[in-house]
>>> print(open('run_10.txt').read())   # compact mmCIF, C-alpha atoms (C1' of nucleotides)
# COMPACT_ATOMS: atom_id res chain seq x y z
CA MET A 1 0.00 0.00 0.00
CA PRO A 2 1.74 3.11 -1.26
CA ARG A 3 1.70 6.11 1.02
CA ALA A 4 -0.58 8.97 0.28
CA GLY A 5 1.93 11.60 1.32
CA LEU A 6 -0.45 13.48 3.52
CA ALA A 7 0.39 16.23 5.95
CA PRO A 8 -1.77 17.96 8.55
CA ALA A 9 -2.06 21.02 6.32
CA THR A 10 -3.28 18.89 3.41
CA VAL A 11 -5.94 17.25 5.53
CA VAL A 12 -7.09 20.57 6.94
CA ALA A 13 -7.23 22.17 3.50
CA ALA A 14 -9.26 19.27 2.17
CA GLY A 15 -11.53 19.51 5.20
CA ALA A 16 -12.12 23.19 4.58
CA ALA A 17 -12.91 22.57 0.93
CA LEU A 18 -15.22 19.72 1.81
CA ALA A 19 -17.01 21.84 4.39
CA ASP A 20 -17.65 24.43 1.71
CA ASP A 21 -18.97 21.74 -0.60
CA VAL A 22 -21.29 19.77 1.65
CA GLY A 23 -21.81 22.10 4.60
CA LEU A 24 -19.99 21.99 7.89
CA ALA A 25 -22.74 19.91 9.50
CA ASN A 26 -22.23 17.17 6.90
CA LEU A 27 -18.47 17.15 7.17
CA THR A 28 -17.74 13.65 8.34
CA MET A 29 -14.43 11.96 8.98
CA GLY A 30 -15.33 9.21 6.54
CA LEU A 31 -16.12 11.68 3.81
CA LEU A 32 -12.92 13.57 4.39
CA ALA A 33 -10.89 10.36 4.37
CA GLU A 34 -12.43 9.39 1.06
CA ARG A 35 -11.67 12.84 -0.30
CA VAL A 36 -7.97 12.57 0.50
CA GLY A 37 -7.80 8.92 -0.61
CA VAL A 38 -7.25 7.21 2.70
CA ARG A 39 -9.17 5.13 5.26
CA THR A 40 -10.86 6.98 8.09
CA PRO A 41 -8.56 6.07 10.99
CA SER A 42 -5.52 7.27 9.08
CA LEU A 43 -6.72 10.83 9.46
CA TYR A 44 -5.94 10.62 13.15
CA LYS A 45 -2.25 10.49 12.29
CA HIS A 46 -2.53 14.09 11.10
CA VAL A 47 -5.33 15.56 13.11
CA ASP A 48 -6.36 15.04 16.69
CA GLY A 49 -10.05 14.41 16.09
CA GLN A 50 -13.03 16.32 14.92
CA GLU A 51 -12.74 19.19 17.34
CA ASP A 52 -9.11 19.71 16.45
CA LEU A 53 -9.97 19.56 12.77
CA ASN A 54 -12.67 22.16 13.25
CA ARG A 55 -10.30 24.48 15.08
CA ARG A 56 -7.71 24.16 12.38
CA ILE A 57 -10.21 24.82 9.64
CA ALA A 58 -11.37 27.88 11.57
CA ALA A 59 -7.81 29.15 11.85
CA VAL A 60 -7.30 28.71 8.12
CA ALA A 61 -10.56 30.48 7.39
CA LEU A 62 -9.76 33.42 9.64
CA GLY A 63 -6.33 33.74 8.09
CA GLU A 64 -7.74 33.69 4.57
CA ALA A 65 -10.38 36.22 5.51
CA ALA A 66 -7.75 38.47 7.04
CA ASP A 67 -5.69 38.21 3.86
CA ALA A 68 -8.68 38.95 1.65
CA VAL A 69 -9.78 41.96 3.66
CA GLY A 70 -6.24 43.25 4.04
CA ARG A 71 -5.62 42.94 0.31
CA ALA A 72 -8.91 44.59 -0.60
CA VAL A 73 -8.24 47.58 1.61
CA GLN A 74 -4.83 48.43 0.20
CA GLY A 75 -4.66 51.86 -1.35
CA TYR A 76 -8.03 52.94 -0.06
CA ALA A 77 -9.11 55.03 2.88
CA GLY A 78 -12.30 56.21 4.47
CA ARG A 79 -15.48 55.13 2.82
CA ASP A 80 -13.71 53.35 -0.02
CA ALA A 81 -11.73 51.28 2.43
CA LEU A 82 -14.83 50.47 4.42
CA ALA A 83 -16.70 49.37 1.32
CA ALA A 84 -13.79 47.31 0.06
CA ALA A 85 -13.33 45.59 3.40
CA ALA A 86 -17.00 44.81 3.85
CA ARG A 87 -17.38 43.49 0.32
CA ALA A 88 -14.28 41.36 0.58
CA PHE A 89 -15.45 39.92 3.86
CA ARG A 90 -18.89 39.10 2.59
CA ALA A 91 -17.52 37.64 -0.62
CA PHE A 92 -15.32 35.36 1.42
CA VAL A 93 -18.20 34.17 3.55
CA VAL A 94 -20.43 33.57 0.54
CA GLU A 95 -17.74 31.65 -1.32
CA HIS A 96 -16.61 29.69 1.71
CA PRO A 97 -19.66 29.18 3.89
CA GLY A 98 -18.40 25.91 5.32
CA ARG A 99 -15.05 27.06 6.62
CA TYR A 100 -16.55 30.30 7.83
CA ALA A 101 -19.15 28.38 9.80
CA ALA A 102 -16.27 26.55 11.46
CA THR A 103 -15.16 29.86 12.98
CA ILE A 104 -18.43 30.42 14.79
CA GLY A 105 -18.32 29.37 18.38
CA VAL A 106 -14.70 28.27 18.61
CA GLU A 107 -12.67 29.72 21.43
CA PRO A 108 -8.91 30.11 21.34
CA SER A 109 -7.20 28.20 24.12
CA GLY A 110 -4.67 30.94 24.71
CA PRO A 111 -2.98 33.94 23.13
CA ASP A 112 -0.59 31.72 21.16
CA ASP A 113 -3.31 29.56 19.70
CA PRO A 114 -3.15 29.97 15.89
CA LEU A 115 -6.85 30.65 16.16
CA ALA A 116 -6.19 33.70 18.31
CA VAL A 117 -3.39 34.87 16.04
CA GLU A 118 -5.43 34.71 12.85
CA SER A 119 -8.42 36.18 14.60
CA ARG A 120 -6.31 39.13 15.64
CA ARG A 121 -5.08 39.56 12.08
CA LEU A 122 -8.63 39.83 10.83
CA LEU A 123 -9.45 42.29 13.56
CA ASP A 124 -6.40 44.36 12.63
CA ALA A 125 -7.58 44.54 9.05
CA PHE A 126 -10.83 46.08 10.19
CA THR A 127 -9.04 48.34 12.64
CA SER A 128 -7.02 49.78 9.79
CA VAL A 129 -10.27 50.69 8.06
CA LEU A 130 -11.34 52.70 11.07
CA ARG A 131 -8.12 54.68 10.99
CA GLY A 132 -9.48 56.49 7.96
CA TYR A 133 -12.15 58.08 10.14
CA ARG A 134 -11.69 60.65 12.86
CA ILE A 135 -12.58 58.41 15.71
CA ASP A 136 -12.07 59.28 19.31
CA GLU A 137 -9.88 56.92 21.24
CA SER A 138 -12.77 56.06 23.55
CA ASP A 139 -15.00 55.12 20.61
CA ALA A 140 -12.52 52.95 18.78
CA ASP A 141 -13.32 49.64 20.47
CA HIS A 142 -17.04 50.18 20.20
CA ALA A 143 -16.82 51.13 16.55
CA LEU A 144 -14.80 48.03 15.80
CA ARG A 145 -17.32 45.84 17.53
CA MET A 146 -20.08 47.54 15.62
CA LEU A 147 -18.38 46.78 12.33
CA ARG A 148 -17.80 43.18 13.28
CA SER A 149 -21.36 42.71 14.44
CA LEU A 150 -22.71 44.21 11.28
CA CYS A 151 -20.53 42.17 8.94
CA HIS A 152 -20.87 38.95 10.87
CA GLY A 153 -24.59 39.37 11.37
CA PHE A 154 -25.29 40.11 7.77
CA ALA A 155 -23.07 37.33 6.50
CA ALA A 156 -24.46 34.82 8.94
CA LEU A 157 -28.06 35.69 8.20
CA GLN A 158 -27.49 35.52 4.50
CA ALA A 159 -25.61 32.25 4.72
CA ALA A 160 -28.53 30.83 6.70
CA ASN A 161 -30.96 32.11 4.13
CA GLY A 162 -32.30 34.38 6.82
CA PHE A 163 -33.42 37.06 4.41
CA GLN A 164 -36.53 35.68 2.89
CA TRP A 165 -38.56 38.55 1.66
CA SER A 166 -38.45 40.81 -1.31
CA ALA A 167 -35.65 43.32 -1.46
CA ASP A 168 -32.34 42.56 -3.15
CA VAL A 169 -29.67 41.37 -0.75
CA ASP A 170 -26.74 42.98 -2.55
CA GLU A 171 -28.55 46.28 -2.54
CA SER A 172 -29.19 45.96 1.18
CA PHE A 173 -25.52 45.32 1.78
CA GLU A 174 -24.47 48.42 -0.11
CA TRP A 175 -27.09 50.39 1.81
CA LEU A 176 -25.62 49.04 5.00
CA ILE A 177 -22.12 50.13 4.05
CA ALA A 178 -23.36 53.64 3.31
CA PHE A 179 -25.19 53.65 6.63
CA ALA A 180 -22.11 52.68 8.59
CA ASP A 181 -19.96 55.16 6.71
CA ARG A 182 -22.32 58.03 7.44
CA GLY A 183 -22.44 57.10 11.08
CA LEU A 184 -18.68 56.81 11.40
CA ARG A 185 -18.10 60.16 9.71
CA THR A 186 -20.41 61.96 12.13
CA LEU A 187 -19.11 60.67 15.41
CA MET B 1 -45.25 1.03 33.47
CA PRO B 2 -47.29 4.12 34.26
CA ARG B 3 -47.59 6.66 31.51
CA ALA B 4 -45.61 9.85 31.69
CA GLY B 5 -48.36 11.96 30.20
CA LEU B 6 -46.15 13.66 27.68
CA ALA B 7 -47.23 15.83 24.81
CA PRO B 8 -45.24 17.24 21.91
CA ALA B 9 -45.24 20.68 23.53
CA THR B 10 -43.83 19.25 26.77
CA VAL B 11 -41.03 17.51 24.95
CA VAL B 12 -40.18 20.60 22.93
CA ALA B 13 -40.19 22.83 26.00
CA ALA B 14 -37.90 20.42 27.81
CA GLY B 15 -35.67 20.30 24.75
CA ALA B 16 -35.40 24.07 24.66
CA ALA B 17 -34.56 24.23 28.35
CA LEU B 18 -32.00 21.48 27.97
CA ALA B 19 -30.41 23.23 25.00
CA ASP B 20 -30.01 26.33 27.14
CA ASP B 21 -28.44 24.25 29.87
CA VAL B 22 -25.95 22.12 27.99
CA GLY B 23 -25.65 23.89 24.65
CA LEU B 24 -27.46 22.99 21.47
CA ALA B 25 -24.55 20.91 20.23
CA ASN B 26 -24.80 18.68 23.29
CA LEU B 27 -28.53 18.25 23.12
CA THR B 28 -28.93 14.54 22.65
CA MET B 29 -32.06 12.46 22.39
CA GLY B 30 -30.93 10.32 25.29
CA LEU B 31 -30.36 13.32 27.50
CA LEU B 32 -33.73 14.76 26.61
CA ALA B 33 -35.45 11.45 27.27
CA GLU B 34 -33.84 11.25 30.68
CA ARG B 35 -34.92 14.81 31.40
CA VAL B 36 -38.56 14.05 30.71
CA GLY B 37 -38.40 10.68 32.48
CA VAL B 38 -38.79 8.34 29.56
CA ARG B 39 -36.67 6.01 27.40
CA THR B 40 -35.19 7.43 24.24
CA PRO B 41 -37.37 5.79 21.60
CA SER B 42 -40.51 7.04 23.31
CA LEU B 43 -39.64 10.57 22.26
CA TYR B 44 -40.41 9.60 18.69
CA LYS B 45 -44.07 9.29 19.61
CA HIS B 46 -44.12 13.05 20.11
CA VAL B 47 -41.46 14.39 17.81
CA ASP B 48 -40.38 13.29 14.37
CA GLY B 49 -36.68 13.11 15.03
CA GLN B 50 -33.87 15.46 15.77
CA GLU B 51 -34.43 17.80 12.87
CA ASP B 52 -38.09 18.15 13.70
CA LEU B 53 -37.22 18.77 17.34
CA ASN B 54 -34.77 21.47 16.33
CA ARG B 55 -37.36 23.17 14.13
CA ARG B 56 -39.92 23.14 16.91
CA ILE B 57 -37.47 24.54 19.42
CA ALA B 58 -36.59 27.25 16.94
CA ALA B 59 -40.26 28.13 16.48
CA VAL B 60 -40.73 28.37 20.24
CA ALA B 61 -37.63 30.53 20.58
CA LEU B 62 -38.69 32.90 17.82
CA GLY B 63 -42.13 33.22 19.36
CA GLU B 64 -40.72 33.96 22.78
CA ALA B 65 -38.29 36.48 21.34
CA ALA B 66 -41.13 38.16 19.45
CA ASP B 67 -43.16 38.35 22.66
CA ALA B 68 -40.25 39.76 24.63
CA VAL B 69 -39.41 42.40 22.06
CA GLY B 70 -43.04 43.30 21.49
CA ARG B 71 -43.65 43.65 25.21
CA ALA B 72 -40.54 45.73 25.74
CA VAL B 73 -41.44 48.14 23.01
CA GLN B 74 -44.92 48.95 24.25
CA GLY B 75 -45.42 52.59 25.10
CA TYR B 76 -42.15 53.69 23.58
CA ALA B 77 -41.26 55.26 20.27
CA GLY B 78 -38.17 56.39 18.46
CA ARG B 79 -34.92 55.96 20.26
CA ASP B 80 -36.54 54.60 23.40
CA ALA B 81 -38.30 51.93 21.43
CA LEU B 82 -35.12 51.03 19.59
CA ALA B 83 -33.19 50.74 22.84
CA ALA B 84 -35.91 48.70 24.50
CA ALA B 85 -36.18 46.31 21.55
CA ALA B 86 -32.46 45.82 21.21
CA ARG B 87 -31.98 45.26 24.93
CA ALA B 88 -34.87 42.82 25.12
CA PHE B 89 -33.56 40.89 22.17
CA ARG B 90 -30.06 40.65 23.52
CA ALA B 91 -31.30 39.70 26.96
CA PHE B 92 -33.29 36.89 25.41
CA VAL B 93 -30.31 35.57 23.49
CA VAL B 94 -28.04 35.76 26.50
CA GLU B 95 -30.54 34.00 28.75
CA HIS B 96 -31.52 31.39 26.17
CA PRO B 97 -28.44 30.75 24.05
CA GLY B 98 -29.41 27.17 23.28
CA ARG B 99 -32.84 27.75 21.88
CA TYR B 100 -31.64 30.83 20.04
CA ALA B 101 -28.89 28.79 18.41
CA ALA B 102 -31.61 26.44 17.17
CA THR B 103 -33.05 29.28 15.10
CA ILE B 104 -29.84 29.77 13.14
CA GLY B 105 -29.85 28.01 9.82
CA VAL B 106 -33.35 26.59 9.88
CA GLU B 107 -35.50 27.27 6.88
CA PRO B 108 -39.30 27.34 6.97
CA SER B 109 -40.83 24.79 4.65
CA GLY B 110 -43.60 27.14 3.59
CA PRO B 111 -45.53 30.23 4.60
CA ASP B 112 -47.71 28.22 7.00
CA ASP B 113 -44.82 26.64 8.80
CA PRO B 114 -44.98 27.76 12.44
CA LEU B 115 -41.36 28.69 11.99
CA ALA B 116 -42.29 31.20 9.32
CA VAL B 117 -45.17 32.54 11.37
CA GLU B 118 -43.12 33.17 14.50
CA SER B 119 -40.27 34.52 12.44
CA ARG B 120 -42.62 37.04 10.89
CA ARG B 121 -43.88 38.05 14.31
CA LEU B 122 -40.37 38.84 15.45
CA LEU B 123 -39.75 40.77 12.29
CA ASP B 124 -42.95 42.72 12.83
CA ALA B 125 -41.82 43.70 16.29
CA PHE B 126 -38.70 45.27 14.84
CA THR B 127 -40.66 46.82 12.02
CA SER B 128 -42.83 48.62 14.55
CA VAL B 129 -39.67 50.13 16.03
CA LEU B 130 -38.76 51.57 12.67
CA ARG B 131 -42.15 53.23 12.39
CA GLY B 132 -40.97 55.73 15.00
CA TYR B 133 -38.46 57.07 12.52
CA ARG B 134 -39.15 58.97 9.33
CA ILE B 135 -38.01 56.29 6.96
CA ASP B 136 -38.56 56.37 3.26
CA GLU B 137 -40.52 53.45 1.86
CA SER B 138 -37.53 52.41 -0.23
CA ASP B 139 -35.26 52.31 2.81
CA ALA B 140 -37.55 50.32 5.07
CA ASP B 141 -36.41 46.84 4.07
CA HIS B 142 -32.77 47.78 4.19
CA ALA B 143 -33.10 49.43 7.58
CA LEU B 144 -34.83 46.37 8.94
CA ARG B 145 -32.09 44.11 7.67
CA MET B 146 -29.50 46.42 9.15
CA LEU B 147 -31.17 46.19 12.52
CA ARG B 148 -31.38 42.43 12.35
CA SER B 149 -27.78 42.06 11.27
CA LEU B 150 -26.61 44.29 14.06
CA CYS B 151 -28.62 42.57 16.77
CA HIS B 152 -27.93 39.07 15.54
CA GLY B 153 -24.26 39.75 14.92
CA PHE B 154 -23.68 41.28 18.30
CA ALA B 155 -25.62 38.61 20.14
CA ALA B 156 -23.95 35.80 18.24
CA LEU B 157 -20.47 37.16 18.75
CA GLN B 158 -21.07 37.69 22.42
CA ALA B 159 -22.59 34.26 22.88
CA ALA B 160 -19.52 32.77 21.19
CA ASN B 161 -17.25 34.81 23.44
CA GLY B 162 -16.12 36.61 20.32
CA PHE B 163 -15.31 39.82 22.15
CA GLN B 164 -12.11 39.09 23.94
CA TRP B 165 -10.37 42.34 24.54
CA SER B 166 -10.76 45.15 26.95
CA ALA B 167 -13.83 47.31 26.61
CA ASP B 168 -17.05 46.54 28.45
CA VAL B 169 -19.55 44.62 26.36
CA ASP B 170 -22.66 46.27 27.80
CA GLU B 171 -21.17 49.65 27.12
CA SER B 172 -20.46 48.66 23.54
CA PHE B 173 -24.03 47.56 23.11
CA GLU B 174 -25.41 50.87 24.34
CA TRP B 175 -22.96 52.65 22.06
CA LEU B 176 -24.24 50.54 19.21
CA ILE B 177 -27.84 51.46 19.96
CA ALA B 178 -26.95 55.14 19.95
CA PHE B 179 -25.10 54.67 16.69
CA ALA B 180 -28.06 53.04 15.00
CA ASP B 181 -30.44 55.62 16.38
CA ARG B 182 -28.36 58.50 15.06
CA GLY B 183 -28.12 56.86 11.67
CA LEU B 184 -31.83 56.18 11.46
CA ARG B 185 -32.73 59.73 12.44
CA THR B 186 -30.60 61.21 9.69
CA LEU B 187 -31.76 59.19 6.76
C1' DA C 1 -69.14 -3.57 34.28
C1' DG C 2 -66.85 -5.56 30.43
C1' DC C 3 -64.99 -5.10 25.74
C1' DT C 4 -62.67 -2.66 22.25
C1' DT C 5 -59.45 0.27 20.49
C1' DG C 6 -55.89 3.76 19.99
C1' DT C 7 -51.55 4.82 21.45
C1' DA C 8 -47.64 5.90 24.91
C1' DG C 9 -44.02 3.67 26.39
C1' DC C 10 -40.85 -0.28 26.39
C1' DT C 11 -37.13 -3.64 24.71
C1' DA C 12 -34.38 -5.18 20.94
C1' DA C 13 -31.98 -4.32 17.00
C1' DC C 14 -29.65 -1.79 13.13
C1' DG C 15 -26.80 1.70 10.90
C1' DA C 16 -23.85 5.51 11.03
C1' DT C 17 -20.07 7.87 13.12
C1' DA C 18 -16.03 8.97 15.97
C1' DT C 19 -12.32 7.05 18.06
C1' DT C 20 -8.71 3.62 19.87
C1' DA C 21 -5.57 -0.48 19.56
C1' DG C 22 -2.37 -2.85 17.36
C1' DC C 23 -0.08 -4.50 13.12
C1' DC C 24 2.81 -3.87 9.04
C1' DA C 25 5.12 -1.86 5.35
C1' DA C 26 7.22 2.14 3.54
C1' DC C 27 10.42 5.77 3.86
C1' DT C 28 14.62 7.87 6.45
C1' DT C 29 18.74 7.78 8.72
C1' DT C 30 23.01 6.12 9.81
C1' DA D 1 22.21 -2.78 4.65
C1' DA D 2 20.19 -2.35 9.29
C1' DA D 3 17.48 0.18 12.41
C1' DG D 4 14.10 3.13 13.66
C1' DT D 5 10.23 6.20 12.71
C1' DT D 6 5.83 6.65 11.19
C1' DG D 7 1.77 6.68 7.81
C1' DG D 8 -1.57 3.72 6.53
C1' DC D 9 -4.42 -0.44 7.32
C1' DT D 10 -7.86 -3.77 9.64
C1' DA D 11 -10.47 -4.81 13.64
C1' DA D 12 -12.96 -3.51 17.46
C1' DT D 13 -15.61 -0.42 20.73
C1' DA D 14 -18.80 3.30 22.25
C1' DT D 15 -22.23 6.46 21.37
C1' DC D 16 -26.15 8.15 18.85
C1' DG D 17 -30.21 8.36 16.08
C1' DT D 18 -33.74 5.73 14.42
C1' DT D 19 -37.05 1.78 13.30
C1' DA D 20 -39.76 -2.48 14.38
C1' DG D 21 -42.70 -4.76 17.03
C1' DC D 22 -44.76 -5.85 21.57
C1' DT D 23 -47.53 -4.62 25.70
C1' DA D 24 -50.28 -2.44 28.68
C1' DC D 25 -52.68 1.78 30.03
C1' DA D 26 -56.60 4.76 29.45
C1' DA D 27 -60.64 6.37 27.19
C1' DG D 28 -64.95 5.33 24.86
C1' DC D 29 -68.69 2.25 23.66
C1' DT D 30 -72.20 -1.31 24.45
>>> encode(input="run_10.txt", output="structure tokens")
Amino acid sequence: MPRAGLAPATVVAAGAALADDVGLANLTMGLLAERVGVRTPSLYKHVDGQEDLNRRIAAVALGEAADAVGRAVQGYAGRDALAAAARAFRAFVVEHPGRYAATIGVEPSGPDDPLAVESRRLLDAFTSVLRGYRIDESDADHALRMLRSLCHGFAALQAANGFQWSADVDESFEWLIAFADRGLRTL
Amino acid sequence: MPRAGLAPATVVAAGAALADDVGLANLTMGLLAERVGVRTPSLYKHVDGQEDLNRRIAAVALGEAADAVGRAVQGYAGRDALAAAARAFRAFVVEHPGRYAATIGVEPSGPDDPLAVESRRLLDAFTSVLRGYRIDESDADHALRMLRSLCHGFAALQAANGFQWSADVDESFEWLIAFADRGLRTL
DNA sequence: AGCTTGTAGCTAACGATATTAGCCAACTTT
DNA sequence: AAAGTTGGCTAATATCGTTAGCTACAAGCT
């Protein structure tokens, strides 16, 4: 039996892709094993179990999101930066619903946990957006939380098909960006 | 073997309470059976399986949330109504994280699905808040979605311990209410 | 009262899934 | 080439969700 040449990173990447394909809830060890061409128990040589796998997928997702947002923001400031960041974030969630779902509800075990590191990177990307506004020191944390809540809430609701009625979702999102921008400019 | 005198509603209520206690992810049929004093398979006489149970819990949660928000809003308008609604909603989510989690990702099967009915009631409660503001017809849907995203996002992030750093979470929430109020008044 | 009938609850059993134990062969290192 | 490390395998176990089929309780009818 020839070796498959797996590595933890390979397994995690495949897991993330599979989660996007079939939904995080349907991500099973058997399915993942099949995807990487190996029998189920072999996965445990690379990953510590389902919880560990989930954490690793979440870390990857947060890192990718941070990259996407950071890249999108480059060269922009103020409203343009806000719009770019929000759009990039939402695009990521829409394209990768499975791995994004893995990030919901996971808690970093400590400040050195890759999860915490990547999470901080994503936060930093949004913080840089806020630098384009004249925001009082005392408002900074609140504003950041507002942005996160807005983006996360919208993305989560959309991913869950939470917006059922009429109006166009893209239009609502643009409206929401304009709303946040106006509010941030008049603090 | 004396009968336990169960009814679907009893089972669902116990399931919701149990979800709040142990977390939705740890809500198992065996645990629920034990809680209501019955063997596992007996639950299936009242509920159609785990998915059905989840849907029913979600419907209950949405109904309760709608009641709470509707009650809180009574007698208030404008900013006061907004603050009351937002606080009531968040309080509900914080006190009932399990049943609220059950509402995320469930899709009503049709317009008569209790899930859809209760969901609409909650939406209506928030809509009534918006009536206190001078909002253009074309903005109404977007504003409603903004409100939902904000509330859901904040509640979800808090429930997941997503706010790790310094600033006080309650303070942030009040800041967020003020932010939304200002934005809605200057549409 | 006795009989009938619907059904709540039970035991037994099955299938899926995560996980562990223990073996063996394939690479790596010297 | 020998030794050691380790990735992959088969086999086995535990936990869940779920179904099948039996039994006995309770309500209604004669």
>>> interface_residues(input="run_10.txt", of="chain A", to="chain D", cutoff="12 Å", atoms="all atoms listed in the file", output="list in words")
Met1, Pro2, Arg3, Ala4, Gly5, Leu6, Ala7, Pro8, Ala33, Gly37, Val38, Arg39, Thr40, Pro41, Ser42, Leu43, Tyr44, Lys45 and His46 of chain A
>>> interface_residues(input="run_10.txt", of="chain C", to="chain B", cutoff="8 Å", atoms="all atoms listed in the file", output="ChimeraX atom specification")
/C:8-10
>>> closest_residue(input="run_10.txt", among="A:Gly105, A:Leu24, A:Ala155, A:Leu184", to="Asp136 of chain A", atoms="all atoms listed in the file")
A:Leu184
>>> residues_around(input="run_10.txt", residues="Val22 of chain A", least_positions_apart="5", cutoff="9 Å", atoms="all atoms listed in the file", output="list in words")
Ala17, Leu27 and Gly98 of chain A
>>> closest_residue(input="run_10.txt", among="A:Asp170, A:Glu118, A:Glu107, A:Glu51", to="chain B", atoms="only C-alpha atoms")
A:Glu107
>>> closest_atom_pairs(input="run_10.txt", of="chain A", to="chain B", cutoff="6 Å", atoms="all atoms listed in the file", output="tab-separated table")
residue	atom	partner	partner_atom	distance
A:Gly105	CA	B:Ala160	CA	4.6
A:His142	CA	B:Ser172	CA	5.0
A:Ser149	CA	B:Gly153	CA	4.2
A:Leu150	CA	B:Leu150	CA	4.8
A:His152	CA	B:Gly153	CA	5.3
A:Gly153	CA	B:Gly153	CA	3.6
A:Phe154	CA	B:Ser149	CA	4.7
A:Ala160	CA	B:Gly105	CA	4.4
A:Ser172	CA	B:His142	CA	5.0
A:Gly183	CA	B:Gly183	CA	5.7
>>> write_last_selection(input="run_10.txt", atoms="C-alpha atoms", output="PDB file, in the frame of the given file")
ATOM      1  CA  GLY A 105     -18.320  29.370  18.380  1.00  0.00           C
ATOM      2  CA  HIS A 142     -17.040  50.180  20.200  1.00  0.00           C
ATOM      3  CA  SER A 149     -21.360  42.710  14.440  1.00  0.00           C
ATOM      4  CA  LEU A 150     -22.710  44.210  11.280  1.00  0.00           C
ATOM      5  CA  HIS A 152     -20.870  38.950  10.870  1.00  0.00           C
ATOM      6  CA  GLY A 153     -24.590  39.370  11.370  1.00  0.00           C
ATOM      7  CA  PHE A 154     -25.290  40.110   7.770  1.00  0.00           C
ATOM      8  CA  ALA A 160     -28.530  30.830   6.700  1.00  0.00           C
ATOM      9  CA  SER A 172     -29.190  45.960   1.180  1.00  0.00           C
ATOM     10  CA  GLY A 183     -22.440  57.100  11.080  1.00  0.00           C
TER      11      GLY A 183
END
>>> atom_distance(input="run_10.txt", atom1="atom CA of Arg134 of chain B", atom2="atom CA of Ala77 of chain B")
11.7 Å
>>> atom_distance(input="run_10.txt", atom1="atom CA of Ala86 of chain A", atom2="atom CA of Val73 of chain A")
9.5 Å
>>> atom_distance(input="run_10.txt", atom1="atom CA of Gln74 of chain B", atom2="atom CA of Leu122 of chain B")
14.2 Å
>>> residues_around(input="run_10.txt", residues="segment 56-60 of chain B", least_positions_apart="4", cutoff="6 Å", atoms="only C-alpha atoms (C1' of nucleotides)", output="PDB file with C-alpha atoms, keeping the file's coordinate frame")
ATOM      1  CA  VAL B  12     -40.180  20.600  22.930  1.00  0.00           C
ATOM      2  CA  ALA B  16     -35.400  24.070  24.660  1.00  0.00           C
ATOM      3  CA  ALA B 102     -31.610  26.440  17.170  1.00  0.00           C
ATOM      4  CA  THR B 103     -33.050  29.280  15.100  1.00  0.00           C
ATOM      5  CA  LEU B 115     -41.360  28.690  11.990  1.00  0.00           C
TER       6      LEU B 115
END
>>> residues_around(input="run_10.txt", residues="Asp67 of chain B", least_positions_apart="2", cutoff="12 Å", atoms="all atoms listed in the file", output="ChimeraX atom specification")
/B:60-65,69-74,85,88-89,92,118-126
>>> write_last_selection(input="run_10.txt", atoms="C-alpha atoms", output="tab-separated table (two decimals), keeping the file's coordinate frame")
chain	number	residue	atom	x	y	z
B	60	VAL	CA	-40.73	28.37	20.24
B	61	ALA	CA	-37.63	30.53	20.58
B	62	LEU	CA	-38.69	32.90	17.82
B	63	GLY	CA	-42.13	33.22	19.36
B	64	GLU	CA	-40.72	33.96	22.78
B	65	ALA	CA	-38.29	36.48	21.34
B	69	VAL	CA	-39.41	42.40	22.06
B	70	GLY	CA	-43.04	43.30	21.49
B	71	ARG	CA	-43.65	43.65	25.21
B	72	ALA	CA	-40.54	45.73	25.74
B	73	VAL	CA	-41.44	48.14	23.01
B	74	GLN	CA	-44.92	48.95	24.25
B	85	ALA	CA	-36.18	46.31	21.55
B	88	ALA	CA	-34.87	42.82	25.12
B	89	PHE	CA	-33.56	40.89	22.17
B	92	PHE	CA	-33.29	36.89	25.41
B	118	GLU	CA	-43.12	33.17	14.50
B	119	SER	CA	-40.27	34.52	12.44
B	120	ARG	CA	-42.62	37.04	10.89
B	121	ARG	CA	-43.88	38.05	14.31
B	122	LEU	CA	-40.37	38.84	15.45
B	123	LEU	CA	-39.75	40.77	12.29
B	124	ASP	CA	-42.95	42.72	12.83
B	125	ALA	CA	-41.82	43.70	16.29
B	126	PHE	CA	-38.70	45.27	14.84
>>> axis_aligned_box(input="run_10.txt", around="segment 44-58 of chain A", padding_each_side="5 Å", output="AutoDock Vina command-line options")
--center_x -7.6 --center_y 19.2 --center_z 13.5 --size_x 20.8 --size_y 27.4 --size_z 17.7
>>> closest_residue(input="run_10.txt", among="A:Val117, A:Met29, A:Ile135, A:Val93", to="DT19 of chain C", atoms="only C-alpha atoms (C1' of nucleotides)")
A:Met29
